[in-house]
>>> print(open('data.json').read())   # JSON, C-alpha atoms and all ligand atoms
[["chain", "number", "residue", "atom", "x", "y", "z"],
["A", 1, "MET", "CA", 33.42, 15.04, 6.21],
["A", 2, "THR", "CA", 31.18, 14.81, 3.17],
["A", 3, "GLY", "CA", 28.22, 15.66, 5.41],
["A", 4, "LEU", "CA", 29.98, 18.76, 6.72],
["A", 5, "LEU", "CA", 30.86, 19.92, 3.21],
["A", 6, "THR", "CA", 27.31, 19.32, 2.00],
["A", 7, "GLY", "CA", 26.10, 21.35, 4.99],
["A", 8, "ILE", "CA", 28.37, 24.25, 4.11],
["A", 9, "GLY", "CA", 27.34, 23.96, 0.48],
["A", 10, "SER", "CA", 23.64, 24.21, 1.17],
["A", 11, "GLY", "CA", 24.28, 27.07, 3.64],
["A", 12, "LEU", "CA", 26.03, 29.01, 0.88],
["A", 13, "LEU", "CA", 23.23, 28.22, -1.56],
["A", 14, "ASP", "CA", 20.72, 29.57, 0.95],
["A", 15, "LEU", "CA", 22.68, 32.84, 1.08],
["A", 16, "ILE", "CA", 22.77, 33.18, -2.68],
["A", 17, "TYR", "CA", 19.26, 31.88, -3.29],
["A", 18, "PRO", "CA", 17.31, 32.34, -0.06],
["A", 19, "PRO", "CA", 14.49, 29.80, 0.12],
["A", 20, "ARG", "CA", 11.14, 31.20, -0.84],
["A", 21, "CYS", "CA", 7.67, 30.43, 0.39],
["A", 22, "ARG", "CA", 6.03, 27.79, -1.80],
["A", 23, "THR", "CA", 2.80, 29.73, -1.66],
["A", 24, "CYS", "CA", 3.56, 33.46, -1.85],
["A", 25, "ASP", "CA", 7.27, 33.57, -2.84],
["A", 26, "ALA", "CA", 8.27, 35.64, 0.21],
["A", 27, "GLU", "CA", 11.78, 34.91, 1.46],
["A", 28, "ILE", "CA", 11.77, 32.45, 4.34],
["A", 29, "GLY", "CA", 14.04, 33.23, 7.27],
["A", 30, "GLN", "CA", 14.24, 29.75, 8.68],
["A", 31, "ALA", "CA", 15.17, 27.51, 5.80],
["A", 32, "ASP", "CA", 14.53, 24.36, 7.78],
["A", 33, "LEU", "CA", 10.76, 24.72, 7.97],
["A", 34, "ALA", "CA", 9.59, 21.37, 6.65],
["A", 35, "LEU", "CA", 6.74, 22.85, 4.66],
["A", 36, "GLU", "CA", 8.79, 25.72, 3.21],
["A", 37, "LEU", "CA", 6.11, 28.29, 3.88],
["A", 38, "CYS", "CA", 6.60, 31.79, 5.28],
["A", 39, "GLU", "CA", 5.18, 32.57, 8.70],
["A", 40, "THR", "CA", 2.23, 34.49, 7.25],
["A", 41, "CYS", "CA", 1.19, 31.50, 5.15],
["A", 42, "ILE", "CA", 1.74, 29.04, 8.03],
["A", 43, "VAL", "CA", -0.67, 31.09, 10.18],
["A", 44, "ASP", "CA", -3.14, 31.14, 7.28],
["A", 45, "LEU", "CA", -3.13, 27.33, 7.11],
["A", 46, "VAL", "CA", -6.34, 26.64, 8.98],
["A", 47, "CYS", "CA", -7.29, 23.25, 10.41],
["A", 48, "LEU", "CA", -10.90, 22.11, 10.65],
["A", 49, "PRO", "CA", -12.57, 23.36, 13.82],
["A", 50, "ARG", "CA", -13.64, 20.88, 16.48],
["A", 51, "GLU", "CA", -17.24, 21.81, 15.74],
["A", 52, "ARG", "CA", -17.79, 19.49, 12.83],
["A", 53, "CYS", "CA", -19.76, 16.42, 11.84],
["A", 54, "PRO", "CA", -18.13, 13.43, 13.55],
["A", 55, "ALA", "CA", -18.73, 11.25, 10.48],
["A", 56, "CYS", "CA", -17.74, 13.40, 7.50],
["A", 57, "GLY", "CA", -16.02, 16.41, 9.05],
["A", 58, "LYS", "CA", -18.46, 18.94, 7.59],
["A", 59, "ILE", "CA", -17.92, 22.18, 9.46],
["A", 60, "ASN", "CA", -20.77, 23.13, 11.72],
["A", 61, "LEU", "CA", -21.01, 26.79, 10.71],
["A", 62, "LYS", "CA", -23.27, 27.61, 13.64],
["A", 63, "ARG", "CA", -20.36, 26.46, 15.79],
["A", 64, "LYS", "CA", -22.67, 24.51, 18.04],
["A", 65, "PRO", "CA", -20.48, 22.57, 20.42],
["A", 66, "ASP", "CA", -22.42, 19.37, 19.84],
["A", 67, "ARG", "CA", -21.12, 16.42, 17.87],
["A", 68, "SER", "CA", -24.32, 15.60, 16.00],
["A", 69, "LEU", "CA", -24.29, 14.32, 12.44],
["A", 70, "CYS", "CA", -24.73, 16.75, 9.54],
["A", 71, "PHE", "CA", -27.76, 16.63, 7.28],
["A", 72, "GLU", "CA", -26.09, 14.54, 4.54],
["A", 73, "CYS", "CA", -24.86, 11.93, 6.99],
["A", 74, "ARG", "CA", -28.23, 11.74, 8.77],
["A", 75, "SER", "CA", -30.05, 11.29, 5.47],
["A", 76, "GLY", "CA", -27.81, 8.40, 4.43],
["A", 77, "LEU", "CA", -26.73, 10.13, 1.19],
["A", 78, "ARG", "CA", -23.09, 9.40, 1.90],
["A", 79, "ARG", "CA", -21.84, 6.00, 0.86],
["A", 80, "PHE", "CA", -18.49, 6.24, 2.65],
["A", 81, "ASP", "CA", -18.52, 5.46, 6.36],
["A", 82, "ARG", "CA", -16.37, 8.30, 7.60],
["A", 83, "ALA", "CA", -14.19, 11.08, 6.26],
["A", 84, "ILE", "CA", -10.98, 12.36, 7.79],
["A", 85, "SER", "CA", -9.67, 15.74, 6.68],
["A", 86, "VAL", "CA", -7.16, 18.15, 8.14],
["A", 87, "TYR", "CA", -7.29, 21.62, 6.62],
["A", 88, "VAL", "CA", -10.06, 23.96, 5.61],
["A", 89, "TYR", "CA", -9.83, 24.32, 1.83],
["A", 90, "ALA", "CA", -9.29, 28.06, 1.87],
["A", 91, "GLY", "CA", -6.52, 30.61, 2.35],
["A", 92, "ALA", "CA", -2.95, 29.41, 2.26],
["A", 93, "PHE", "CA", -3.79, 25.74, 1.85],
["A", 94, "ARG", "CA", -5.86, 26.46, -1.25],
["A", 95, "LYS", "CA", -3.05, 28.56, -2.76],
["A", 96, "LEU", "CA", -0.44, 25.96, -1.89],
["A", 97, "TRP", "CA", -2.50, 23.16, -3.41],
["A", 98, "HIS", "CA", -3.10, 25.16, -6.59],
["A", 99, "ARG", "CA", 0.65, 25.49, -6.95],
["A", 100, "VAL", "CA", 1.17, 21.77, -6.42],
["A", 101, "LYS", "CA", -1.36, 21.01, -9.15],
["A", 102, "PHE", "CA", -0.96, 23.79, -11.67],
["A", 103, "THR", "CA", 2.75, 24.52, -11.45],
["A", 104, "ARG", "CA", 3.36, 20.80, -11.02],
["A", 105, "HIS", "CA", 5.11, 20.11, -7.77],
["A", 106, "PRO", "CA", 4.34, 16.49, -6.90],
["A", 107, "GLU", "CA", 7.64, 16.42, -4.96],
["A", 108, "TRP", "CA", 6.08, 18.72, -2.35],
["A", 109, "ILE", "CA", 3.34, 16.22, -1.56],
["A", 110, "PRO", "CA", 5.20, 14.06, 1.05],
["A", 111, "SER", "CA", 6.02, 17.08, 3.24],
["A", 112, "ILE", "CA", 2.46, 18.39, 2.93],
["A", 113, "VAL", "CA", 1.03, 14.99, 3.89],
["A", 114, "ASP", "CA", 3.42, 14.70, 6.85],
["A", 115, "ALA", "CA", 2.46, 18.16, 8.11],
["A", 116, "ALA", "CA", -1.22, 17.27, 7.78],
["A", 117, "LEU", "CA", -0.82, 13.96, 9.66],
["A", 118, "GLU", "CA", 0.83, 15.82, 12.54],
["A", 119, "LYS", "CA", -2.32, 17.91, 12.91],
["A", 120, "LEU", "CA", -4.61, 14.92, 13.42],
["A", 121, "THR", "CA", -6.03, 14.61, 16.94],
["A", 122, "PRO", "CA", -7.59, 11.65, 18.81],
["A", 123, "ASP", "CA", -10.96, 13.06, 17.66],
["A", 124, "ASP", "CA", -10.04, 11.97, 14.14],
["A", 125, "GLU", "CA", -9.69, 8.32, 15.16],
["A", 126, "PHE", "CA", -7.31, 7.70, 12.28],
["A", 127, "ASN", "CA", -5.60, 4.32, 12.47],
["A", 128, "PRO", "CA", -3.72, 3.72, 9.21],
["A", 129, "PHE", "CA", -3.23, 0.04, 10.02],
["A", 130, "LEU", "CA", -6.91, -0.90, 10.18],
["A", 131, "PHE", "CA", -7.28, -1.05, 6.40],
["A", 132, "ASP", "CA", -6.74, -4.04, 4.13],
["A", 133, "ALA", "CA", -5.74, -1.75, 1.26],
["A", 134, "TYR", "CA", -5.40, 1.87, 0.22],
["A", 135, "THR", "CA", -6.82, 3.22, -3.00],
["A", 136, "TRP", "CA", -7.53, 6.64, -4.49],
["A", 137, "VAL", "CA", -10.14, 8.61, -6.41],
["A", 138, "PRO", "CA", -8.63, 8.66, -9.90],
["A", 139, "THR", "CA", -8.60, 11.92, -11.83],
["A", 140, "THR", "CA", -9.46, 11.88, -15.54],
["A", 141, "ASP", "CA", -6.84, 10.57, -17.98],
["A", 142, "HIS", "CA", -6.86, 13.98, -19.64],
["A", 143, "ARG", "CA", -6.06, 15.88, -16.44],
["A", 144, "LYS", "CA", -3.43, 13.33, -15.46],
["A", 145, "SER", "CA", -1.68, 13.66, -18.81],
["A", 146, "VAL", "CA", -1.80, 17.49, -18.73],
["A", 147, "ARG", "CA", -0.34, 17.62, -15.20],
["A", 148, "GLY", "CA", 1.91, 14.62, -15.47],
["A", 149, "PHE", "CA", 0.62, 13.22, -12.18],
["A", 150, "ASP", "CA", -2.56, 12.51, -10.26],
["A", 151, "PRO", "CA", -2.45, 14.32, -6.89],
["A", 152, "ALA", "CA", -4.70, 11.78, -5.15],
["A", 153, "GLU", "CA", -2.55, 8.89, -6.41],
["A", 154, "GLU", "CA", 0.59, 10.67, -5.15],
["A", 155, "ILE", "CA", -0.92, 11.16, -1.68],
["A", 156, "ALA", "CA", -2.08, 7.54, -1.58],
["A", 157, "GLY", "CA", 1.31, 6.28, -2.73],
["A", 158, "TYR", "CA", 3.11, 8.25, -0.07],
["A", 159, "LEU", "CA", 0.74, 7.09, 2.70],
["A", 160, "ALA", "CA", 1.08, 3.47, 1.58],
["A", 161, "ARG", "CA", 4.89, 3.71, 1.69],
["A", 162, "LYS", "CA", 4.84, 5.48, 5.03],
["A", 163, "TYR", "CA", 2.61, 2.90, 6.72],
["A", 164, "ASN", "CA", 3.73, -0.05, 4.61],
["A", 165, "ARG", "CA", 0.18, -0.91, 3.47],
["A", 166, "PRO", "CA", -0.88, -2.38, 0.10],
["A", 167, "ILE", "CA", -2.00, 0.19, -2.47],
["A", 168, "VAL", "CA", -4.27, -1.03, -5.25],
["A", 169, "GLN", "CA", -5.97, 0.84, -8.06],
["A", 170, "PHE", "CA", -9.50, -0.42, -7.49],
["A", 171, "LEU", "CA", -11.31, 2.42, -9.24],
["A", 172, "ARG", "CA", -11.46, 3.68, -12.77],
["A", 173, "ARG", "CA", -13.60, 6.22, -14.52],
["A", 174, "ILE", "CA", -15.92, 4.67, -17.04],
["A", 175, "ARG", "CA", -17.11, 7.97, -18.44],
["A", 176, "ASP", "CA", -15.97, 11.59, -18.48],
["A", 177, "THR", "CA", -17.57, 14.30, -16.39],
["A", 178, "ALA", "CA", -17.78, 18.06, -16.31],
["A", 179, "PRO", "CA", -15.44, 19.48, -13.64],
["A", 180, "GLN", "CA", -17.32, 19.31, -10.32],
["A", 181, "PHE", "CA", -16.36, 22.82, -9.18],
["A", 182, "GLU", "CA", -18.55, 24.35, -11.89],
["A", 183, "LEU", "CA", -21.67, 22.69, -10.53],
["A", 184, "GLY", "CA", -24.11, 23.05, -7.66],
["A", 185, "ARG", "CA", -24.67, 20.33, -5.10],
["A", 186, "ARG", "CA", -27.50, 18.42, -6.78],
["A", 187, "ALA", "CA", -25.84, 18.67, -10.18],
["A", 188, "ARG", "CA", -22.63, 17.28, -8.69],
["A", 189, "ILE", "CA", -24.38, 14.19, -7.42],
["A", 190, "LYS", "CA", -25.98, 13.63, -10.86],
["A", 191, "ASN", "CA", -22.69, 14.39, -12.61],
["A", 192, "VAL", "CA", -20.83, 11.51, -10.94],
["A", 193, "GLU", "CA", -23.58, 8.88, -11.01],
["A", 194, "GLY", "CA", -22.20, 5.76, -12.68],
["A", 195, "VAL", "CA", -18.83, 7.39, -13.36],
["A", 196, "PHE", "CA", -16.70, 4.96, -11.37],
["A", 197, "ALA", "CA", -16.33, 1.21, -11.64],
["A", 198, "ALA", "CA", -14.44, -0.86, -9.12],
["A", 199, "ALA", "CA", -12.47, -4.01, -9.87],
["A", 200, "ILE", "CA", -11.07, -6.06, -7.01],
["A", 201, "PRO", "CA", -8.21, -8.42, -7.89],
["A", 202, "ALA", "CA", -8.89, -12.04, -6.95],
["A", 203, "GLY", "CA", -7.41, -12.92, -3.59],
["A", 204, "GLN", "CA", -7.23, -9.30, -2.48],
["A", 205, "ARG", "CA", -8.58, -8.88, 1.05],
["A", 206, "THR", "CA", -10.79, -5.81, 0.96],
["A", 207, "ARG", "CA", -13.06, -5.73, 3.95],
["A", 208, "ALA", "CA", -11.93, -2.21, 4.87],
["A", 209, "VAL", "CA", -10.48, 0.25, 2.35],
["A", 210, "LEU", "CA", -8.91, 3.66, 2.88],
["A", 211, "LEU", "CA", -10.04, 5.83, -0.02],
["A", 212, "ILE", "CA", -7.74, 8.78, -0.62],
["A", 213, "ASP", "CA", -8.37, 12.07, -2.39],
["A", 214, "ASP", "CA", -6.85, 15.52, -2.17],
["A", 215, "ILE", "CA", -9.90, 17.70, -1.44],
["A", 216, "LEU", "CA", -13.41, 16.91, -0.23],
["A", 217, "THR", "CA", -16.05, 19.39, -1.35],
["A", 218, "THR", "CA", -19.61, 18.06, -1.45],
["A", 219, "GLY", "CA", -18.51, 14.44, -1.09],
["A", 220, "ALA", "CA", -20.43, 13.44, -4.22],
["A", 221, "THR", "CA", -17.34, 12.06, -6.01],
["A", 222, "ALA", "CA", -16.07, 10.15, -2.99],
["A", 223, "SER", "CA", -19.55, 8.82, -2.38],
["A", 224, "ALA", "CA", -19.77, 7.51, -5.95],
["A", 225, "CYS", "CA", -16.39, 5.80, -5.45],
["A", 226, "ALA", "CA", -17.49, 4.27, -2.14],
["A", 227, "ASP", "CA", -20.65, 3.05, -3.85],
["A", 228, "ALA", "CA", -18.63, 1.32, -6.59],
["A", 229, "LEU", "CA", -16.34, -0.29, -3.97],
["A", 230, "LYS", "CA", -19.26, -1.48, -1.86],
["A", 231, "SER", "CA", -20.98, -2.94, -4.91],
["A", 232, "ARG", "CA", -17.90, -5.19, -5.15],
["A", 233, "GLY", "CA", -18.19, -6.37, -1.56],
["A", 234, "VAL", "CA", -16.08, -3.84, 0.35],
["A", 235, "GLN", "CA", -17.73, -3.39, 3.73],
["A", 236, "LYS", "CA", -16.08, -0.28, 5.07],
["A", 237, "VAL", "CA", -14.78, 2.76, 3.19],
["A", 238, "VAL", "CA", -13.07, 5.57, 5.08],
["A", 239, "LEU", "CA", -12.11, 8.65, 3.11],
["A", 240, "PHE", "CA", -8.89, 10.55, 3.78],
["A", 241, "THR", "CA", -8.38, 13.99, 2.25],
["A", 242, "LEU", "CA", -5.91, 16.72, 3.06],
["A", 243, "ALA", "CA", -8.60, 19.39, 3.10],
["A", 244, "ARG", "CA", -12.32, 19.89, 2.87],
["A", 245, "GLY", "CA", -14.49, 22.80, 1.81],
["A", 246, "ALA", "CA", -16.38, 24.79, 4.42],
["B", 301, "ZN", "ZN", 4.04, 32.73, 2.14],
["B", 302, "ZN", "ZN", -21.57, 14.56, 7.96]]
>>> encode(input="data.json", output="structure tokens", more="lines below")
Ligand SMILES: [Zn+2]
Ligand SMILES: [Zn+2]
Amino acid sequence: MTGLLTGIGSGLLDLIYPPRCRTCDAEIGQADLALELCETCIVDLVCLPRERCPACGKINLKRKPDRSLCFECRSGLRRFDRAISVYVYAGAFRKLWHRVKFTRHPEWIPSIVDAALEKLTPDDEFNPFLFDAYTWVPTTDHRKSVRGFDPAEEIAGYLARKYNRPIVQFLRRIRDTAPQFELGRRARIKNVEGVFAAAIPAGQRTRAVLLIDDILTTGATASACADALKSRGVQKVVLFTLARGA
């Protein structure tokens, strides 16, 4: 009976306050859409194309149907072994993620992660149970205190609960950096050199680690994190992000 009443209650609430798209504020007809996005924004949520680097997911802009490695992966500049991403960081995903971060909606993160996981294909070869532990790329203390949460930590926490895997904060920033988005590619790599230190608790099995972040752009930050982890004996680092830049 309580369930029925609650159902009626939320139906009434939907009439008075129709649910709105998390991204553009348009009214949503079907209130049960898990992501709470309008149809226009759903369509504008673009997944990575199949034509991408099989190791890091970098989009092959020439759309060659081959599965050859991108330049960065071929040159060995990347310190993580593989990267798994779902969306292109553009359009509706970019707007949605800005809202999560800047209007502070960490409570949206589980539904966004679930929607992203549903988009993974066998090509992604994502097996959440192959890792000894999950960890994340920590944001700066300043940004965390301004926002009240660290998006990467929230994603990692949700994934760890979902798959019942240990989550450990292995990484910390040992110096501050300029925000990466203001910099070019080479400057980004320089900017994050020596920024992260990894500490592995005694007795923690860490042969393979899933490193989690929200967005992958050049990969310089994730690479610096993978480098710190590997300097502490981790053998395999796979990066998981919700989106990556084109
Ligand atoms: Zn919308
Ligand atoms: Zn690559």
>>> atom_distance(input="data.json", atom1="atom CA of Thr140 of chain A", atom2="atom CA of Arg175 of chain A")
9.1 Å
>>> closest_residue(input="data.json", among="A:Ala222, A:Cys56, A:Ile189, A:Ala83", to="Val238 of chain A", atoms="only C-alpha atoms")
A:Ala83
>>> closest_residue(input="data.json", among="A:Phe131, A:Phe80, A:Tyr158, A:Tyr87", to="Asp227 of chain A", atoms="only C-alpha atoms")
A:Phe80
>>> residues_near_ligand(input="data.json", ligand="ligand ZN 301 (chain B)", cutoff="10 Å", atoms="only C-alpha atoms and all ligand atoms", output="PDB file with C-alpha atoms, in the frame of the given file")
ATOM      1  CA  ARG A  20      11.140  31.200  -0.840  1.00  0.00           C
ATOM      2  CA  CYS A  21       7.670  30.430   0.390  1.00  0.00           C
ATOM      3  CA  ARG A  22       6.030  27.790  -1.800  1.00  0.00           C
ATOM      4  CA  THR A  23       2.800  29.730  -1.660  1.00  0.00           C
ATOM      5  CA  CYS A  24       3.560  33.460  -1.850  1.00  0.00           C
ATOM      6  CA  ASP A  25       7.270  33.570  -2.840  1.00  0.00           C
ATOM      7  CA  ALA A  26       8.270  35.640   0.210  1.00  0.00           C
ATOM      8  CA  GLU A  27      11.780  34.910   1.460  1.00  0.00           C
ATOM      9  CA  ILE A  28      11.770  32.450   4.340  1.00  0.00           C
ATOM     10  CA  GLU A  36       8.790  25.720   3.210  1.00  0.00           C
ATOM     11  CA  LEU A  37       6.110  28.290   3.880  1.00  0.00           C
ATOM     12  CA  CYS A  38       6.600  31.790   5.280  1.00  0.00           C
ATOM     13  CA  GLU A  39       5.180  32.570   8.700  1.00  0.00           C
ATOM     14  CA  THR A  40       2.230  34.490   7.250  1.00  0.00           C
ATOM     15  CA  CYS A  41       1.190  31.500   5.150  1.00  0.00           C
ATOM     16  CA  ILE A  42       1.740  29.040   8.030  1.00  0.00           C
ATOM     17  CA  VAL A  43      -0.670  31.090  10.180  1.00  0.00           C
ATOM     18  CA  ASP A  44      -3.140  31.140   7.280  1.00  0.00           C
ATOM     19  CA  ALA A  92      -2.950  29.410   2.260  1.00  0.00           C
ATOM     20  CA  LYS A  95      -3.050  28.560  -2.760  1.00  0.00           C
ATOM     21  CA  LEU A  96      -0.440  25.960  -1.890  1.00  0.00           C
TER      22      LEU A  96
END
>>> closest_residue(input="data.json", among="A:Pro138, A:Gly233, A:Gly219, A:Pro166", to="ligand ZN 302 (chain B)", atoms="all atoms listed in the file")
A:Gly219
>>> atom_distance(input="data.json", atom1="atom CA of Ile84 of chain A", atom2="atom CA of Arg52 of chain A")
11.1 Å
>>> residues_near_ligand(input="data.json", ligand="ligand ZN 302 (chain B)", cutoff="9 Å", atoms="all atoms listed in the file", output="PyMOL selection string")
chain A and resi 52-59+68-74+78+82-83
>>> atom_distance(input="data.json", atom1="atom CA of Val168 of chain A", atom2="atom CA of Gly76 of chain A")
27.1 Å
>>> closest_residue(input="data.json", among="A:Ser231, A:Val86, A:Pro106, A:Leu159", to="Leu216 of chain A", atoms="only C-alpha atoms")
A:Val86
>>> residues_near_point(input="data.json", point="(-12.4, -1.6, 0.6)", cutoff="8 Å", atoms="all atoms listed in the file", output="ChimeraX atom specification")
/A:131-134,206-211,229-230,233-237
>>> axis_aligned_box(input="data.json", around="segment 85-103 of chain A", padding_each_side="6 Å", output="AutoDock Vina command-line options")
--center_x -3.7 --center_y 23.2 --center_z -1.8 --size_x 24.8 --size_y 26.9 --size_z 31.8
>>> closest_residue(input="data.json", among="A:Leu77, A:Ile109, A:Ala228, A:Ala178", to="Ala156 of chain A", atoms="only C-alpha atoms")
A:Ile109
>>> decode(input="data.json", residues="segment 95-169 of chain A", atoms="C-alpha atoms", output="PDB file, in the first residue's frame")
ATOM      1  CA  LYS A  95      27.373  20.103 -20.984  1.00  0.00           C
ATOM      2  CA  LEU A  96      26.090  17.413 -18.651  1.00  0.00           C
ATOM      3  CA  TRP A  97      29.514  16.925 -17.076  1.00  0.00           C
ATOM      4  CA  HIS A  98      29.958  20.669 -16.598  1.00  0.00           C
ATOM      5  CA  ARG A  99      26.703  20.690 -14.671  1.00  0.00           C
ATOM      6  CA  VAL A 100      27.799  17.759 -12.514  1.00  0.00           C
ATOM      7  CA  LYS A 101      31.016  19.583 -11.643  1.00  0.00           C
ATOM      8  CA  PHE A 102      30.084  23.238 -11.535  1.00  0.00           C
ATOM      9  CA  THR A 103      26.535  23.105 -10.223  1.00  0.00           C
ATOM     10  CA  ARG A 104      27.578  20.236  -7.962  1.00  0.00           C
ATOM     11  CA  HIS A 105      25.540  17.163  -8.686  1.00  0.00           C
ATOM     12  CA  PRO A 106      27.600  14.212  -7.460  1.00  0.00           C
ATOM     13  CA  GLU A 107      24.308  12.339  -6.952  1.00  0.00           C
ATOM     14  CA  TRP A 108      23.916  12.129 -10.742  1.00  0.00           C
ATOM     15  CA  ILE A 109      27.166  10.222 -11.130  1.00  0.00           C
ATOM     16  CA  PRO A 110      25.872   6.642 -10.526  1.00  0.00           C
ATOM     17  CA  SER A 111      23.230   6.930 -13.269  1.00  0.00           C
ATOM     18  CA  ILE A 112      25.756   8.468 -15.670  1.00  0.00           C
ATOM     19  CA  VAL A 113      28.259   5.673 -14.958  1.00  0.00           C
ATOM     20  CA  ASP A 114      25.566   3.007 -15.421  1.00  0.00           C
ATOM     21  CA  ALA A 115      24.495   4.496 -18.752  1.00  0.00           C
ATOM     22  CA  ALA A 116      28.129   4.601 -19.884  1.00  0.00           C
ATOM     23  CA  LEU A 117      28.779   0.967 -18.873  1.00  0.00           C
ATOM     24  CA  GLU A 118      25.783  -0.123 -20.939  1.00  0.00           C
ATOM     25  CA  LYS A 119      27.423   1.387 -24.012  1.00  0.00           C
ATOM     26  CA  LEU A 120      30.590  -0.697 -23.717  1.00  0.00           C
ATOM     27  CA  THR A 121      31.019  -3.319 -26.436  1.00  0.00           C
ATOM     28  CA  PRO A 122      33.189  -6.473 -26.637  1.00  0.00           C
ATOM     29  CA  ASP A 123      35.728  -4.268 -28.465  1.00  0.00           C
ATOM     30  CA  ASP A 124      36.365  -2.515 -25.156  1.00  0.00           C
ATOM     31  CA  GLU A 125      37.435  -5.737 -23.440  1.00  0.00           C
ATOM     32  CA  PHE A 126      36.454  -4.319 -20.065  1.00  0.00           C
ATOM     33  CA  ASN A 127      36.460  -6.918 -17.309  1.00  0.00           C
ATOM     34  CA  PRO A 128      35.992  -5.138 -13.967  1.00  0.00           C
ATOM     35  CA  PHE A 129      37.019  -8.251 -12.028  1.00  0.00           C
ATOM     36  CA  LEU A 130      40.539  -8.538 -13.433  1.00  0.00           C
ATOM     37  CA  PHE A 131      41.920  -5.801 -11.177  1.00  0.00           C
ATOM     38  CA  ASP A 132      43.402  -6.181  -7.707  1.00  0.00           C
ATOM     39  CA  ALA A 133      42.280  -2.672  -6.782  1.00  0.00           C
ATOM     40  CA  TYR A 134      40.625   0.461  -8.120  1.00  0.00           C
ATOM     41  CA  THR A 135      42.074   3.909  -7.644  1.00  0.00           C
ATOM     42  CA  TRP A 136      41.528   7.365  -9.115  1.00  0.00           C
ATOM     43  CA  VAL A 137      43.368  10.412 -10.418  1.00  0.00           C
ATOM     44  CA  PRO A 138      42.982  12.834  -7.505  1.00  0.00           C
ATOM     45  CA  THR A 139      41.996  16.416  -8.229  1.00  0.00           C
ATOM     46  CA  THR A 140      43.725  19.233  -6.338  1.00  0.00           C
ATOM     47  CA  ASP A 141      42.723  19.835  -2.711  1.00  0.00           C
ATOM     48  CA  HIS A 142      41.642  23.328  -3.723  1.00  0.00           C
ATOM     49  CA  ARG A 143      39.258  22.129  -6.435  1.00  0.00           C
ATOM     50  CA  LYS A 144      37.908  19.394  -4.194  1.00  0.00           C
ATOM     51  CA  SER A 145      37.151  21.866  -1.417  1.00  0.00           C
ATOM     52  CA  VAL A 146      35.508  24.360  -3.809  1.00  0.00           C
ATOM     53  CA  ARG A 147      33.270  21.669  -5.342  1.00  0.00           C
ATOM     54  CA  GLY A 148      32.781  19.593  -2.243  1.00  0.00           C
ATOM     55  CA  PHE A 149      33.640  16.400  -4.112  1.00  0.00           C
ATOM     56  CA  ASP A 150      36.163  14.897  -6.495  1.00  0.00           C
ATOM     57  CA  PRO A 151      34.367  13.605  -9.614  1.00  0.00           C
ATOM     58  CA  ALA A 152      36.974  10.919 -10.330  1.00  0.00           C
ATOM     59  CA  GLU A 153      36.776   9.659  -6.736  1.00  0.00           C
ATOM     60  CA  GLU A 154      32.966   9.520  -6.985  1.00  0.00           C
ATOM     61  CA  ILE A 155      33.114   7.480 -10.205  1.00  0.00           C
ATOM     62  CA  ALA A 156      35.715   5.146  -8.699  1.00  0.00           C
ATOM     63  CA  GLY A 157      33.690   4.733  -5.505  1.00  0.00           C
ATOM     64  CA  TYR A 158      30.567   3.861  -7.431  1.00  0.00           C
ATOM     65  CA  LEU A 159      32.384   1.342  -9.656  1.00  0.00           C
ATOM     66  CA  ALA A 160      34.024  -0.278  -6.632  1.00  0.00           C
ATOM     67  CA  ARG A 161      30.631  -0.673  -4.912  1.00  0.00           C
ATOM     68  CA  LYS A 162      29.003  -1.951  -8.070  1.00  0.00           C
ATOM     69  CA  TYR A 163      31.620  -4.641  -8.715  1.00  0.00           C
ATOM     70  CA  ASN A 164      32.556  -5.179  -5.072  1.00  0.00           C
ATOM     71  CA  ARG A 165      36.264  -4.470  -5.649  1.00  0.00           C
ATOM     72  CA  PRO A 166      38.717  -2.832  -3.219  1.00  0.00           C
ATOM     73  CA  ILE A 167      39.191   0.901  -3.718  1.00  0.00           C
ATOM     74  CA  VAL A 168      42.409   2.421  -2.411  1.00  0.00           C
ATOM     75  CA  GLN A 169      43.759   5.949  -2.648  1.00  0.00           C
TER      76      GLN A 169
END
